[in-house]
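Structure data (mmCIF, C-alpha atoms and all ligand atoms) from protein-v8.cif:
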data_target
loop_
_atom_site.group_PDB
_atom_site.id
_atom_site.type_symbol
_atom_site.label_atom_id
_atom_site.label_comp_id
_atom_site.auth_asym_id
_atom_site.auth_seq_id
_atom_site.Cartn_x
_atom_site.Cartn_y
_atom_site.Cartn_z
ATOM 1 C CA MET A 1 -40.319 95.736 24.520
ATOM 2 C CA LEU A 2 -41.546 93.259 21.947
ATOM 3 C CA LEU A 3 -45.085 91.942 21.521
ATOM 4 C CA ASN A 4 -45.034 89.024 19.169
ATOM 5 C CA SER A 5 -48.075 87.579 17.334
ATOM 6 C CA ILE A 6 -50.614 88.511 19.983
ATOM 7 C CA THR A 7 -54.093 87.128 19.534
ATOM 8 C CA LYS A 8 -56.798 87.778 22.120
ATOM 9 C CA LYS A 9 -60.319 86.468 21.752
ATOM 10 C CA TYR A 10 -63.458 87.171 23.759
ATOM 11 C CA SER A 11 -66.150 84.514 23.321
ATOM 12 C CA GLY A 12 -64.436 83.168 20.211
ATOM 13 C CA SER A 13 -64.124 86.484 18.427
ATOM 14 C CA ALA A 14 -60.660 88.042 18.062
ATOM 15 C CA VAL A 15 -60.114 91.554 19.395
ATOM 16 C CA LEU A 16 -56.378 91.356 18.668
ATOM 17 C CA ASN A 17 -55.396 89.207 15.740
ATOM 18 C CA ASP A 18 -51.734 88.170 15.354
ATOM 19 C CA LEU A 19 -50.519 91.626 16.348
ATOM 20 C CA THR A 20 -46.799 92.373 16.510
ATOM 21 C CA LEU A 21 -45.334 95.556 17.939
ATOM 22 C CA ASP A 22 -42.060 96.751 19.409
ATOM 23 C CA PHE A 23 -41.143 99.949 21.166
ATOM 24 C CA ASN A 24 -38.146 101.305 23.015
ATOM 25 C CA GLN A 25 -37.306 103.127 26.200
ATOM 26 C CA GLY A 26 -37.177 106.883 25.691
ATOM 27 C CA GLU A 27 -39.781 106.685 22.943
ATOM 28 C CA ILE A 28 -43.394 107.881 23.093
ATOM 29 C CA VAL A 29 -45.740 105.800 20.985
ATOM 30 C CA GLY A 30 -49.339 106.824 20.404
ATOM 31 C CA LEU A 31 -52.090 104.260 20.012
ATOM 32 C CA ILE A 32 -55.282 105.325 18.291
ATOM 33 C CA GLY A 33 -58.340 103.490 17.052
ATOM 34 C CA ARG A 34 -62.096 103.622 17.280
ATOM 35 C CA ASN A 35 -64.038 102.645 20.414
ATOM 36 C CA GLY A 36 -63.699 98.918 20.969
ATOM 37 C CA ALA A 37 -60.679 98.555 18.677
ATOM 38 C CA GLY A 38 -58.759 96.790 21.447
ATOM 39 C CA LYS A 39 -56.460 99.518 22.802
ATOM 40 C CA SER A 40 -57.194 98.802 26.467
ATOM 41 C CA THR A 41 -56.967 95.059 25.842
ATOM 42 C CA LEU A 42 -53.509 95.507 24.312
ATOM 43 C CA MET A 43 -52.412 97.646 27.237
ATOM 44 C CA LYS A 44 -53.715 95.160 29.791
ATOM 45 C CA ILE A 45 -51.715 92.417 28.080
ATOM 46 C CA ILE A 46 -48.562 94.541 28.367
ATOM 47 C CA THR A 47 -49.226 95.203 32.055
ATOM 48 C CA GLN A 48 -50.070 91.536 32.678
ATOM 49 C CA THR A 49 -53.562 92.428 33.879
ATOM 50 C CA ILE A 50 -54.741 90.064 31.128
ATOM 51 C CA GLN A 51 -52.763 86.841 31.171
ATOM 52 C CA THR A 52 -54.626 84.546 28.798
ATOM 53 C CA TYR A 53 -53.787 85.200 25.153
ATOM 54 C CA ASP A 54 -51.766 83.671 22.347
ATOM 55 C CA GLY A 55 -48.339 85.025 21.476
ATOM 56 C CA SER A 56 -45.626 86.448 23.684
ATOM 57 C CA VAL A 57 -44.488 89.678 25.283
ATOM 58 C CA ALA A 58 -40.841 90.327 26.144
ATOM 59 C CA GLY A 59 -39.375 93.188 28.153
ATOM 60 C CA ASN A 60 -42.519 94.012 30.145
ATOM 61 C CA HIS A 61 -41.221 93.236 33.630
ATOM 62 C CA GLN A 62 -40.906 96.815 34.809
ATOM 63 C CA VAL A 63 -44.060 98.525 33.589
ATOM 64 C CA GLY A 64 -46.077 101.241 35.299
ATOM 65 C CA TYR A 65 -49.582 101.989 34.148
ATOM 66 C CA LEU A 66 -52.712 104.021 34.365
ATOM 67 C CA ILE A 67 -55.591 102.227 32.691
ATOM 68 C CA GLU A 68 -59.059 103.615 33.237
ATOM 69 C CA GLU A 69 -59.274 105.639 36.453
ATOM 70 C CA PRO A 70 -56.605 105.343 39.119
ATOM 71 C CA LYS A 71 -57.693 103.260 42.110
ATOM 72 C CA LEU A 72 -57.608 105.710 44.981
ATOM 73 C CA PHE A 73 -58.708 105.783 48.626
ATOM 74 C CA SER A 74 -60.989 108.819 48.733
ATOM 75 C CA ASN A 75 -60.363 109.587 52.416
ATOM 76 C CA LYS A 76 -56.574 109.482 52.103
ATOM 77 C CA THR A 77 -54.242 112.237 50.943
ATOM 78 C CA GLY A 78 -52.204 112.379 47.759
ATOM 79 C CA LEU A 79 -49.047 111.982 49.825
ATOM 80 C CA PHE A 80 -50.487 108.885 51.494
ATOM 81 C CA HIS A 81 -51.001 107.283 48.081
ATOM 82 C CA LEU A 82 -47.446 108.008 46.959
ATOM 83 C CA THR A 83 -45.984 106.696 50.201
ATOM 84 C CA TYR A 84 -48.265 103.686 50.442
ATOM 85 C CA PHE A 85 -47.834 102.490 46.849
ATOM 86 C CA SER A 86 -44.063 103.051 46.962
ATOM 87 C CA GLY A 87 -44.102 100.729 49.975
ATOM 88 C CA ILE A 88 -46.019 98.108 48.023
ATOM 89 C CA TYR A 89 -43.249 98.181 45.408
ATOM 90 C CA GLY A 90 -40.669 97.814 48.191
ATOM 91 C CA ASN A 91 -39.436 101.415 47.878
ATOM 92 C CA THR A 92 -39.390 104.369 50.240
ATOM 93 C CA PHE A 93 -41.071 107.412 48.734
ATOM 94 C CA ASN A 94 -38.527 110.199 48.347
ATOM 95 C CA LEU A 95 -40.368 113.511 48.067
ATOM 96 C CA ASN A 96 -37.239 115.356 46.885
ATOM 97 C CA GLU A 97 -36.943 113.077 43.899
ATOM 98 C CA TYR A 98 -40.516 113.822 42.816
ATOM 99 C CA GLU A 99 -40.705 117.468 43.886
ATOM 100 C CA GLY A 100 -40.045 118.898 40.394
ATOM 101 C CA LEU A 101 -42.602 116.654 38.749
ATOM 102 C CA LEU A 102 -45.232 117.319 41.428
ATOM 103 C CA LEU A 103 -44.656 121.066 41.194
ATOM 104 C CA ASN A 104 -44.924 121.025 37.405
ATOM 105 C CA LEU A 105 -48.157 119.056 37.627
ATOM 106 C CA GLN A 106 -49.541 121.510 40.243
ATOM 107 C CA LEU A 107 -49.881 118.648 42.719
ATOM 108 C CA PHE A 108 -47.227 119.589 45.224
ATOM 109 C CA ASP A 109 -49.385 122.079 47.147
ATOM 110 C CA VAL A 110 -52.335 119.691 47.430
ATOM 111 C CA LEU A 111 -50.399 116.622 48.596
ATOM 112 C CA ASN A 112 -51.877 116.891 52.074
ATOM 113 C CA LYS A 113 -55.465 117.161 50.865
ATOM 114 C CA LYS A 114 -57.699 114.110 50.731
ATOM 115 C CA VAL A 115 -58.177 112.872 47.178
ATOM 116 C CA LYS A 116 -61.961 113.183 47.475
ATOM 117 C CA GLU A 117 -61.289 116.909 47.209
ATOM 118 C CA TYR A 118 -59.348 116.426 43.961
ATOM 119 C CA SER A 119 -60.848 117.113 40.542
ATOM 120 C CA LEU A 120 -60.864 114.335 37.945
ATOM 121 C CA GLY A 121 -57.821 115.908 36.275
ATOM 122 C CA MET A 122 -55.942 115.999 39.599
ATOM 123 C CA ARG A 123 -56.764 112.335 40.249
ATOM 124 C CA GLN A 124 -55.521 111.438 36.769
ATOM 125 C CA LYS A 125 -52.303 113.361 37.395
ATOM 126 C CA LEU A 126 -51.812 111.602 40.725
ATOM 127 C CA GLY A 127 -52.407 108.307 38.887
ATOM 128 C CA ILE A 128 -49.662 109.184 36.412
ATOM 129 C CA VAL A 129 -47.203 109.939 39.221
ATOM 130 C CA MET A 130 -48.233 106.661 40.902
ATOM 131 C CA SER A 131 -47.450 104.808 37.663
ATOM 132 C CA LEU A 132 -43.819 105.848 38.105
ATOM 133 C CA LEU A 133 -43.358 104.606 41.665
ATOM 134 C CA ASN A 134 -41.875 101.234 40.743
ATOM 135 C CA ASN A 135 -39.148 102.957 38.668
ATOM 136 C CA PRO A 136 -40.547 101.550 35.435
ATOM 137 C CA SER A 137 -38.700 101.201 32.159
ATOM 138 C CA TYR A 138 -42.048 101.690 30.437
ATOM 139 C CA ILE A 139 -45.393 103.212 31.291
ATOM 140 C CA VAL A 140 -48.695 102.529 29.624
ATOM 141 C CA LEU A 141 -51.340 105.237 29.821
ATOM 142 C CA ASP A 142 -54.901 104.709 28.622
ATOM 143 C CA GLU A 143 -56.433 108.079 27.777
ATOM 144 C CA PRO A 144 -54.484 109.892 30.513
ATOM 145 C CA THR A 145 -55.718 113.377 29.625
ATOM 146 C CA ASN A 146 -59.386 112.404 29.972
ATOM 147 C CA GLY A 147 -61.251 114.966 31.996
ATOM 148 C CA MET A 148 -58.477 117.528 31.751
ATOM 149 C CA ASP A 149 -58.826 121.048 30.431
ATOM 150 C CA VAL A 150 -56.491 122.208 27.672
ATOM 151 C CA GLU A 151 -53.963 123.793 30.009
ATOM 152 C CA THR A 152 -53.786 120.779 32.325
ATOM 153 C CA SER A 153 -53.424 118.376 29.380
ATOM 154 C CA PHE A 154 -50.577 120.482 28.125
ATOM 155 C CA GLU A 155 -48.795 120.350 31.511
ATOM 156 C CA VAL A 156 -49.194 116.580 31.616
ATOM 157 C CA LEU A 157 -48.039 116.012 28.042
ATOM 158 C CA ARG A 158 -45.003 118.207 28.609
ATOM 159 C CA GLU A 159 -44.086 116.167 31.698
ATOM 160 C CA LEU A 160 -44.540 112.899 29.796
ATOM 161 C CA ARG A 161 -42.152 114.157 27.133
ATOM 162 C CA ARG A 162 -39.707 115.049 29.891
ATOM 163 C CA MET A 163 -40.006 111.577 31.433
ATOM 164 C CA ALA A 164 -39.188 110.000 28.089
ATOM 165 C CA ASP A 165 -36.281 112.344 27.394
ATOM 166 C CA GLU A 166 -34.738 112.640 30.838
ATOM 167 C CA TRP A 167 -35.745 109.430 32.617
ATOM 168 C CA ASN A 168 -35.532 107.271 29.489
ATOM 169 C CA VAL A 169 -39.013 105.889 30.095
ATOM 170 C CA GLY A 170 -40.785 104.326 27.100
ATOM 171 C CA ILE A 171 -44.397 105.501 26.982
ATOM 172 C CA LEU A 172 -47.366 103.945 25.203
ATOM 173 C CA ILE A 173 -50.303 106.321 25.261
ATOM 174 C CA SER A 174 -53.804 105.918 23.884
ATOM 175 C CA SER A 175 -56.120 108.814 23.317
ATOM 176 C CA HIS A 176 -59.030 109.952 21.226
ATOM 177 C CA LYS A 177 -57.579 113.462 21.390
ATOM 178 C CA LEU A 178 -55.469 113.411 18.267
ATOM 179 C CA GLU A 179 -53.928 116.790 19.024
ATOM 180 C CA ASP A 180 -52.557 115.406 22.306
ATOM 181 C CA ILE A 181 -51.038 112.439 20.530
ATOM 182 C CA GLU A 182 -49.647 114.677 17.837
ATOM 183 C CA ALA A 183 -48.048 117.003 20.353
ATOM 184 C CA ILE A 184 -45.758 114.472 21.973
ATOM 185 C CA CYS A 185 -45.523 111.148 20.177
ATOM 186 C CA ASP A 186 -42.531 110.006 18.196
ATOM 187 C CA ARG A 187 -44.727 107.660 16.221
ATOM 188 C CA VAL A 188 -48.374 106.697 16.114
ATOM 189 C CA LEU A 189 -49.967 103.302 15.620
ATOM 190 C CA PHE A 190 -53.434 102.885 14.157
ATOM 191 C CA LEU A 191 -55.201 99.881 15.654
ATOM 192 C CA GLU A 192 -57.872 98.514 13.318
ATOM 193 C CA ASP A 193 -59.364 95.036 12.910
ATOM 194 C CA GLY A 194 -57.104 93.605 15.601
ATOM 195 C CA VAL A 195 -53.811 94.620 14.024
ATOM 196 C CA ILE A 196 -51.596 97.664 13.628
ATOM 197 C CA ALA A 197 -53.167 98.779 10.373
ATOM 198 C CA ASP A 198 -50.742 101.634 9.871
ATOM 199 C CA GLU A 199 -47.859 103.380 11.530
ATOM 200 C CA GLN A 200 -46.989 107.006 10.997
ATOM 201 C CA GLN A 201 -43.890 108.915 11.898
ATOM 202 C CA PHE A 202 -45.822 111.879 10.697
ATOM 203 C CA ILE A 203 -44.157 114.449 12.887
ATOM 204 C CA LYS A 204 -40.710 113.945 11.448
ATOM 205 C CA ASN A 205 -39.711 115.396 8.094
ATOM 206 C CA LYS A 206 -42.804 117.508 7.864
ATOM 207 C CA GLN A 207 -42.656 121.235 7.480
ATOM 208 C CA ARG A 208 -44.967 122.838 10.027
ATOM 209 C CA THR A 209 -45.593 126.232 11.479
ATOM 210 C CA LEU A 210 -45.172 126.167 15.216
ATOM 211 C CA THR A 211 -46.348 128.869 17.585
ATOM 212 C CA LEU A 212 -44.654 128.944 20.954
ATOM 213 C CA VAL A 213 -45.834 131.251 23.720
ATOM 214 C CA PHE A 214 -43.514 131.771 26.677
ATOM 215 C CA GLU A 215 -44.270 132.995 30.149
ATOM 216 C CA ASN A 216 -42.228 136.161 29.634
ATOM 217 C CA SER A 217 -40.048 137.981 27.112
ATOM 218 C CA VAL A 218 -36.811 136.877 28.816
ATOM 219 C CA ASP A 219 -37.748 133.224 28.261
ATOM 220 C CA LEU A 220 -38.667 134.004 24.662
ATOM 221 C CA ALA A 221 -35.317 135.767 24.098
ATOM 222 C CA ALA A 222 -33.396 132.780 25.517
ATOM 223 C CA PHE A 223 -35.265 130.443 23.202
ATOM 224 C CA ALA A 224 -34.900 132.687 20.138
ATOM 225 C CA LEU A 225 -31.156 133.044 20.718
ATOM 226 C CA ASN A 226 -30.581 129.313 20.981
ATOM 227 C CA GLN A 227 -33.093 127.847 18.538
ATOM 228 C CA HIS A 228 -31.759 126.483 15.283
ATOM 229 C CA PHE A 229 -34.866 124.595 14.239
ATOM 230 C CA GLY A 230 -35.936 126.738 11.324
ATOM 231 C CA SER A 231 -36.785 130.202 10.069
ATOM 232 C CA VAL A 232 -38.622 132.667 12.276
ATOM 233 C CA ILE A 233 -41.831 133.883 10.660
ATOM 234 C CA HIS A 234 -42.959 136.165 13.448
ATOM 235 C CA SER A 235 -41.626 137.229 16.823
ATOM 236 C CA GLY A 236 -43.786 139.058 19.360
ATOM 237 C CA ASP A 237 -43.321 140.048 23.000
ATOM 238 C CA LYS A 238 -43.676 136.522 24.395
ATOM 239 C CA ASP A 239 -44.480 134.469 21.304
ATOM 240 C CA ILE A 240 -42.595 133.234 18.321
ATOM 241 C CA GLN A 241 -43.625 131.444 15.135
ATOM 242 C CA ILE A 242 -41.168 129.207 13.366
ATOM 243 C CA GLU A 243 -41.343 127.048 10.304
ATOM 244 C CA THR A 244 -39.617 123.752 10.911
ATOM 245 C CA ALA A 245 -39.421 120.083 9.997
ATOM 246 C CA VAL A 246 -37.895 119.212 13.384
ATOM 247 C CA ALA A 247 -39.889 116.854 15.652
ATOM 248 C CA ASN A 248 -41.727 118.458 18.546
ATOM 249 C CA ALA A 249 -39.712 116.210 20.851
ATOM 250 C CA GLU A 250 -36.528 118.076 19.945
ATOM 251 C CA ILE A 251 -38.126 121.429 20.628
ATOM 252 C CA PHE A 252 -39.495 120.345 24.013
ATOM 253 C CA LYS A 253 -36.080 118.944 24.864
ATOM 254 C CA MET A 254 -34.458 122.308 24.245
ATOM 255 C CA VAL A 255 -37.173 124.161 26.185
ATOM 256 C CA ASN A 256 -36.445 121.825 29.099
ATOM 257 C CA GLN A 257 -32.698 122.265 28.800
ATOM 258 C CA LEU A 258 -32.972 126.056 28.779
ATOM 259 C CA GLY A 259 -35.273 125.922 31.813
ATOM 260 C CA VAL A 260 -37.683 128.372 30.169
ATOM 261 C CA ARG A 261 -41.450 128.188 30.715
ATOM 262 C CA LEU A 262 -43.575 127.494 27.702
ATOM 263 C CA ILE A 263 -47.231 128.284 28.311
ATOM 264 C CA ASP A 264 -48.655 127.331 24.925
ATOM 265 C CA PHE A 265 -47.564 125.379 21.879
ATOM 266 C CA THR A 266 -49.426 124.801 18.637
ATOM 267 C CA ALA A 267 -48.521 123.155 15.352
ATOM 268 C CA GLU A 268 -50.416 124.457 12.350
ATOM 269 C CA LYS A 269 -50.850 121.217 10.436
ATOM 270 C CA LYS A 270 -53.211 118.677 11.974
ATOM 271 C CA THR A 271 -51.620 115.895 10.001
ATOM 272 C CA LEU A 272 -52.578 113.016 12.300
ATOM 273 C CA ARG A 273 -56.251 113.896 12.056
ATOM 274 C CA SER A 274 -56.144 114.158 8.282
ATOM 275 C CA VAL A 275 -54.129 110.938 7.919
ATOM 276 C CA TYR A 276 -56.549 109.086 10.168
ATOM 277 C CA MET A 277 -59.676 110.431 8.527
ATOM 278 C CA ASN A 278 -58.415 109.744 5.031
ATOM 279 C CA LYS A 279 -57.251 106.230 5.728
ATOM 280 C CA PHE A 280 -59.892 104.792 7.964
ATOM 281 C CA ARG A 281 -62.898 106.792 8.834
ATOM 282 C CA GLY A 282 -63.910 109.072 6.029
ATOM 283 C CA GLU A 283 -64.056 112.740 6.848
ATOM 284 C CA TYR A 284 -67.691 112.693 8.010
ATOM 285 C CA HIS A 285 -66.888 110.639 11.113
ATOM 286 C CA ASP A 286 -64.694 113.326 12.533
ATOM 287 C CA THR A 287 -66.757 113.808 15.692
ATOM 288 C CA GLN A 288 -65.709 110.436 17.139
ATOM 289 C CA TYR A 289 -62.174 111.703 17.410
HETATM 290 N N1 LIG B 1 -63.738 91.253 29.678
HETATM 291 C C1 LIG B 1 -64.302 91.291 28.448
HETATM 292 N N2 LIG B 1 -65.169 90.365 28.061
HETATM 293 C C2 LIG B 1 -65.726 90.382 26.832
HETATM 294 N N3 LIG B 1 -65.465 91.320 25.911
HETATM 295 C C3 LIG B 1 -64.601 92.291 26.239
HETATM 296 C C4 LIG B 1 -63.966 92.337 27.521
HETATM 297 N N4 LIG B 1 -63.151 93.415 27.569
HETATM 298 C C5 LIG B 1 -63.272 94.024 26.365
HETATM 299 N N5 LIG B 1 -64.132 93.361 25.570
HETATM 300 C C6 LIG B 1 -64.491 93.715 24.195
HETATM 301 O O1 LIG B 1 -63.305 93.774 23.423
HETATM 302 C C7 LIG B 1 -63.354 94.849 22.515
HETATM 303 C C8 LIG B 1 -62.132 95.746 22.739
HETATM 304 O O2 LIG B 1 -62.276 96.441 23.965
HETATM 305 P P1 LIG B 1 -61.189 97.485 24.481
HETATM 306 O O3 LIG B 1 -61.673 98.011 25.784
HETATM 307 O O4 LIG B 1 -59.842 96.849 24.442
HETATM 308 O O5 LIG B 1 -61.263 98.602 23.326
HETATM 309 P P2 LIG B 1 -60.682 100.094 23.326
HETATM 310 O O6 LIG B 1 -60.036 100.268 21.997
HETATM 311 O O7 LIG B 1 -59.852 100.339 24.521
HETATM 312 O O8 LIG B 1 -62.020 100.931 23.377
HETATM 313 P P3 LIG B 1 -62.291 102.440 23.940
HETATM 314 O O9 LIG B 1 -61.685 103.369 22.945
HETATM 315 O O10 LIG B 1 -63.786 102.523 23.952
HETATM 316 O O11 LIG B 1 -61.681 102.531 25.307
HETATM 317 C C9 LIG B 1 -64.690 95.533 22.706
HETATM 318 O O12 LIG B 1 -65.574 95.049 21.743
HETATM 319 C C10 LIG B 1 -65.108 95.088 24.083
HETATM 320 O O13 LIG B 1 -66.502 95.040 24.186
#
Please go through the file and, once you have read it, give me the structure as structure tokens.
Ligand SMILES: Nc1ncnc2c1ncn2[C@@H]1O[C@H](COP(=O)(O)OP(=O)(O)OP(=O)(O)O)[C@@H](O)[C@H]1O
Amino acid sequence: MLLNSITKKYSGSAVLNDLTLDFNQGEIVGLIGRNGAGKSTLMKIITQTIQTYDGSVAGNHQVGYLIEEPKLFSNKTGLFHLTYFSGIYGNTFNLNEYEGLLLNLQLFDVLNKKVKEYSLGMRQKLGIVMSLLNNPSYIVLDEPTNGMDVETSFEVLRELRRMADEWNVGILISSHKLEDIEAICDRVLFLEDGVIADEQQFIKNKQRTLTLVFENSVDLAAFALNQHFGSVIHSGDKDIQIETAVANAEIFKMVNQLGVRLIDFTAEKKTLRSVYMNKFRGEYHDTQY
């Protein structure tokens, strides 16, 4: 997808100012910036929700999205939404095709409950699944882990990585949670003063200490036997610490391929946070992010 020289003004003042950006299918791109920087505006231009702007966008015909909260019918079930919105896109909802995703997102067992009984996190997760119903080449997600606890965010981020790797979906994701962005993105764009002020491929070629916790010792053993990412610093009953320069994406890909269950993942260096603070905000504004 290519966005070329995008300028968007509200009441004469430019929110986006001659912004150019490209991204590919299979790639996860993070978008960060302060409140009001124009992240949602940029996303709405990609999804054609905003149609008046200068510049051009190519390759955005098949885009799914979740911007702000998903629009749901509170008295209808999760399954109704998936069936109904598939129909709107001219498709028939095939539960088998989505079973794995719904199970991994802990939504499968609540599909027959009305969404008014769903928590905010569950509604967000349903919104993410709904964004896939038109078989998109790209999805655009505005703060998708809002309202989610740490564990739920992790489930969602892991599934997004899987969508990019296995379904070849390109994902643009905005968030104020830098750790979320850091966990899954291939590259990160800093939106400032209406343009991409910086781009970091900070995850690659950086030596980090990763801690991976598996559901059980069998899963850990399978991972330890197959991993070739770097040296093992520590190995416990279910957890392992490795030092590596390999992108998180590669590690998640292997976890998926082995079919093992990872229940926690941390990277020791918070490089995105430090890069962001140093470049734009000054360390005393940390609380905004
Ligand atoms: N419909 C509108 N009319 C006028 N101004 C608008 C409109 N929509 C957004 N803006 C303004 O444009 C700027 C960018 O808003 P936008 O929602 O794109 O920022 P954002 O980066 O997504 O912010 P946040 O992180 O708070 O979600 C803000 O100053 C906002 O007030």
Residue contacts of segment 37-39 of chain A (8 Å, all atoms listed in the file) excluding same-chain residues fewer than 3 positions away, as a list in words:
Val15, Leu16, Leu31, Ile32, Gly33, Arg34, Leu42, Met43, Asp142, Ser174, Leu191, Glu192, Asp193 and Gly194 of chain A
As an MDAnalysis selection string, please: the residues near segment 125-136 of chain A (cut-off 9 Å, only C-alpha atoms, same-chain neighbours under 2 positions excluded).
chainID A and resid 61:66 69:72 78 81:82 85:86 88:91 93 98 101:102 105 107 120:123 138:141 144:145 156 169:170
File of the preceding selection, C-alpha atoms, as a PDB file, in the coordinates of the input:
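again-v7.pdb, freshly written:
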ATOM      1  CA  HIS A  61     -41.221  93.236  33.630  1.00  0.00           C
ATOM      2  CA  GLN A  62     -40.906  96.815  34.809  1.00  0.00           C
ATOM      3  CA  VAL A  63     -44.060  98.525  33.589  1.00  0.00           C
ATOM      4  CA  GLY A  64     -46.077 101.241  35.299  1.00  0.00           C
ATOM      5  CA  TYR A  65     -49.582 101.989  34.148  1.00  0.00           C
ATOM      6  CA  LEU A  66     -52.712 104.021  34.365  1.00  0.00           C
ATOM      7  CA  GLU A  69     -59.274 105.639  36.453  1.00  0.00           C
ATOM      8  CA  PRO A  70     -56.605 105.343  39.119  1.00  0.00           C
ATOM      9  CA  LYS A  71     -57.693 103.260  42.110  1.00  0.00           C
ATOM     10  CA  LEU A  72     -57.608 105.710  44.981  1.00  0.00           C
ATOM     11  CA  GLY A  78     -52.204 112.379  47.759  1.00  0.00           C
ATOM     12  CA  HIS A  81     -51.001 107.283  48.081  1.00  0.00           C
ATOM     13  CA  LEU A  82     -47.446 108.008  46.959  1.00  0.00           C
ATOM     14  CA  PHE A  85     -47.834 102.490  46.849  1.00  0.00           C
ATOM     15  CA  SER A  86     -44.063 103.051  46.962  1.00  0.00           C
ATOM     16  CA  ILE A  88     -46.019  98.108  48.023  1.00  0.00           C
ATOM     17  CA  TYR A  89     -43.249  98.181  45.408  1.00  0.00           C
ATOM     18  CA  GLY A  90     -40.669  97.814  48.191  1.00  0.00           C
ATOM     19  CA  ASN A  91     -39.436 101.415  47.878  1.00  0.00           C
ATOM     20  CA  PHE A  93     -41.071 107.412  48.734  1.00  0.00           C
ATOM     21  CA  TYR A  98     -40.516 113.822  42.816  1.00  0.00           C
ATOM     22  CA  LEU A 101     -42.602 116.654  38.749  1.00  0.00           C
ATOM     23  CA  LEU A 102     -45.232 117.319  41.428  1.00  0.00           C
ATOM     24  CA  LEU A 105     -48.157 119.056  37.627  1.00  0.00           C
ATOM     25  CA  LEU A 107     -49.881 118.648  42.719  1.00  0.00           C
ATOM     26  CA  LEU A 120     -60.864 114.335  37.945  1.00  0.00           C
ATOM     27  CA  GLY A 121     -57.821 115.908  36.275  1.00  0.00           C
ATOM     28  CA  MET A 122     -55.942 115.999  39.599  1.00  0.00           C
ATOM     29  CA  ARG A 123     -56.764 112.335  40.249  1.00  0.00           C
ATOM     30  CA  TYR A 138     -42.048 101.690  30.437  1.00  0.00           C
ATOM     31  CA  ILE A 139     -45.393 103.212  31.291  1.00  0.00           C
ATOM     32  CA  VAL A 140     -48.695 102.529  29.624  1.00  0.00           C
ATOM     33  CA  LEU A 141     -51.340 105.237  29.821  1.00  0.00           C
ATOM     34  CA  PRO A 144     -54.484 109.892  30.513  1.00  0.00           C
ATOM     35  CA  THR A 145     -55.718 113.377  29.625  1.00  0.00           C
ATOM     36  CA  VAL A 156     -49.194 116.580  31.616  1.00  0.00           C
ATOM     37  CA  VAL A 169     -39.013 105.889  30.095  1.00  0.00           C
ATOM     38  CA  GLY A 170     -40.785 104.326  27.100  1.00  0.00           C
TER      39      GLY A 170
END
For ligand LIG 1 (chain B), which residue among A:Asn94, A:Ser217, A:Thr266, A:Asn17 is the nearest when counting only C-alpha atoms and all ligand atoms?
A:Asn17
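Comparing the minimum interatomic distances between Arg162 of chain A and each of A:Lys76, A:Lys238, A:Lys44, A:Lys253, counting all atoms listed in the file, we find that A:Lys253 sits nearest.
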Give me the result of the PyMOL selection byres (((chain A and resi 59) around 12) and not hetatm) on this file, residue by residue, as an MDAnalysis selection string.
chainID A and resid 1:4 22:25 46:48 56:58 60:63 136:138 170
Since the input is missing atoms for segment 225-235 of chain A, could you rebuild it with N, CA and C atoms and give the result as a PDB file, keeping the file's coordinate frame?
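Written file, selection_34.pdb:
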ATOM      1  N   LEU A 225     -32.615 132.985  20.873  1.00  0.00           N
ATOM      2  CA  LEU A 225     -31.156 133.044  20.718  1.00  0.00           C
ATOM      3  C   LEU A 225     -30.570 131.668  20.433  1.00  0.00           C
ATOM      4  N   ASN A 226     -31.157 130.661  21.059  1.00  0.00           N
ATOM      5  CA  ASN A 226     -30.581 129.313  20.981  1.00  0.00           C
ATOM      6  C   ASN A 226     -31.190 128.424  19.903  1.00  0.00           C
ATOM      7  N   GLN A 227     -32.401 128.776  19.447  1.00  0.00           N
ATOM      8  CA  GLN A 227     -33.093 127.847  18.538  1.00  0.00           C
ATOM      9  C   GLN A 227     -32.425 127.838  17.158  1.00  0.00           C
ATOM     10  N   HIS A 228     -32.349 126.643  16.604  1.00  0.00           N
ATOM     11  CA  HIS A 228     -31.759 126.483  15.283  1.00  0.00           C
ATOM     12  C   HIS A 228     -32.656 125.547  14.477  1.00  0.00           C
ATOM     13  N   PHE A 229     -33.953 125.574  14.834  1.00  0.00           N
ATOM     14  CA  PHE A 229     -34.866 124.595  14.239  1.00  0.00           C
ATOM     15  C   PHE A 229     -35.361 125.004  12.854  1.00  0.00           C
ATOM     16  N   GLY A 230     -35.413 126.307  12.617  1.00  0.00           N
ATOM     17  CA  GLY A 230     -35.936 126.738  11.324  1.00  0.00           C
ATOM     18  C   GLY A 230     -36.070 128.248  11.288  1.00  0.00           C
ATOM     19  N   SER A 231     -36.707 128.747  10.227  1.00  0.00           N
ATOM     20  CA  SER A 231     -36.785 130.202  10.069  1.00  0.00           C
ATOM     21  C   SER A 231     -37.908 130.789  10.920  1.00  0.00           C
ATOM     22  N   VAL A 232     -37.638 131.977  11.442  1.00  0.00           N
ATOM     23  CA  VAL A 232     -38.622 132.667  12.276  1.00  0.00           C
ATOM     24  C   VAL A 232     -39.554 133.464  11.362  1.00  0.00           C
ATOM     25  N   ILE A 233     -40.847 133.187  11.500  1.00  0.00           N
ATOM     26  CA  ILE A 233     -41.831 133.883  10.660  1.00  0.00           C
ATOM     27  C   ILE A 233     -42.310 135.148  11.362  1.00  0.00           C
ATOM     28  N   HIS A 234     -42.424 135.026  12.671  1.00  0.00           N
ATOM     29  CA  HIS A 234     -42.959 136.165  13.448  1.00  0.00           C
ATOM     30  C   HIS A 234     -42.395 136.075  14.858  1.00  0.00           C
ATOM     31  N   SER A 235     -42.072 137.221  15.434  1.00  0.00           N
ATOM     32  CA  SER A 235     -41.626 137.229  16.823  1.00  0.00           C
ATOM     33  C   SER A 235     -42.321 138.368  17.552  1.00  0.00           C
TER      34      SER A 235
END
